[in-house]
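Here the structure comes first, spelled out in structure tokens, and everything after it is commentary.
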Amino acid sequence: MQAAVAHSIMLAFAVVIAGIGWYMAHRPERASRVFTFGMRPPFGEKFAIAWCKILGWTFTIVFSFAIVFYLILIPLDILHTR
């Protein structure tokens, strides 16, 4: 049962990070401003926006796979109690 609780916590973390990634992918201008604390990026605004968009999609895809993985593991942990 401890594994199911640990995987539930990891599932919640994966959902939050995937949500942040989705936000970054769809609003890269705002995400760029957050990371630069509202200032203009020092080496190109278009590069910073493209970087935030790529990073957002990467977070979304990777952590979406993690969500599916944990949704499979949690029932297996519950059914496989000793």
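The way I read the labels, and the way they are meant: chains A, B, ... in the order of the structure tokens, residue 1 as the first residue of every chain, and ligand 1 as the first ligand shown, with later ones counted on from there.
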Near segment 68-79 of chain A, 12 Å: segment 12-51 of chain A residue rows, closest pairs, only C-alpha atoms, as a Markdown table:
```
| residue | atom | partner | partner_atom | distance |
| --- | --- | --- | --- | --- |
| A:Ala12 | CA | A:Tyr70 | CA | 9.6 |
| A:Phe13 | CA | A:Tyr70 | CA | 10.8 |
| A:Ala14 | CA | A:Tyr70 | CA | 9.0 |
| A:Val15 | CA | A:Val68 | CA | 10.3 |
| A:Ala18 | CA | A:Val68 | CA | 11.8 |
```
(Q) as an NGL selection string, please: the residues near Val16 of chain A (cut-off 12 Å, only C-alpha atoms, same-chain neighbours under 3 positions excluded). (A) :A and (9-13 or 19-23 or 59-60 or 63-64 or 66-67)
Pro41 of chain A proximity check over A:Ile61, A:Ser8, A:Glu29, A:Met1, using only C-alpha atoms: winner is A:Glu29
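Compared by their closest atoms to Pro28 of chain A, and using only C-alpha atoms, the residues A:Ala6, A:Phe65, A:Arg40, A:Ile54 rank with A:Ile54 nearest.
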**Asked** Between atom CA of Thr58 of chain A and atom CA of Met39 of chain A, what is the spacing in Å?
**Response**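 Computing it gives 24.4 Å between the two atoms.
In terms of minimum interatomic distance to Gly56 of chain A, A:Ala31 ranks closest within A:His80, A:Phe43, A:Gly38, A:Ala31, counting only C-alpha atoms.
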- Message: Please compute the atom CA of Met24 of chain A-atom CA of Ile49 of chain A distance, one decimal, in Å.
- Response: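 Straight-line distance from atom CA of Met24 of chain A to atom CA of Ile49 of chain A works out to 9.4 Å.
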**Prompt:** Please, which residues of chain A, numbered as in this document, come out alpha helix (DSSP H) from DSSP, as a PyMOL selection string?
**Reply:** chain A and resi 2-26+28-35+45-79
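Nearest residue to Phe35 of chain A among A:His7, A:Cys52, A:Gln2, A:Val62 is A:Cys52, counting only C-alpha atoms.
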For atom CA of Trp57 of chain A and atom CA of Ala4 of chain A, quote the distance in Å rounded to one decimal.
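Calculated distance between atom CA of Trp57 of chain A and atom CA of Ala4 of chain A is 28.1 Å.
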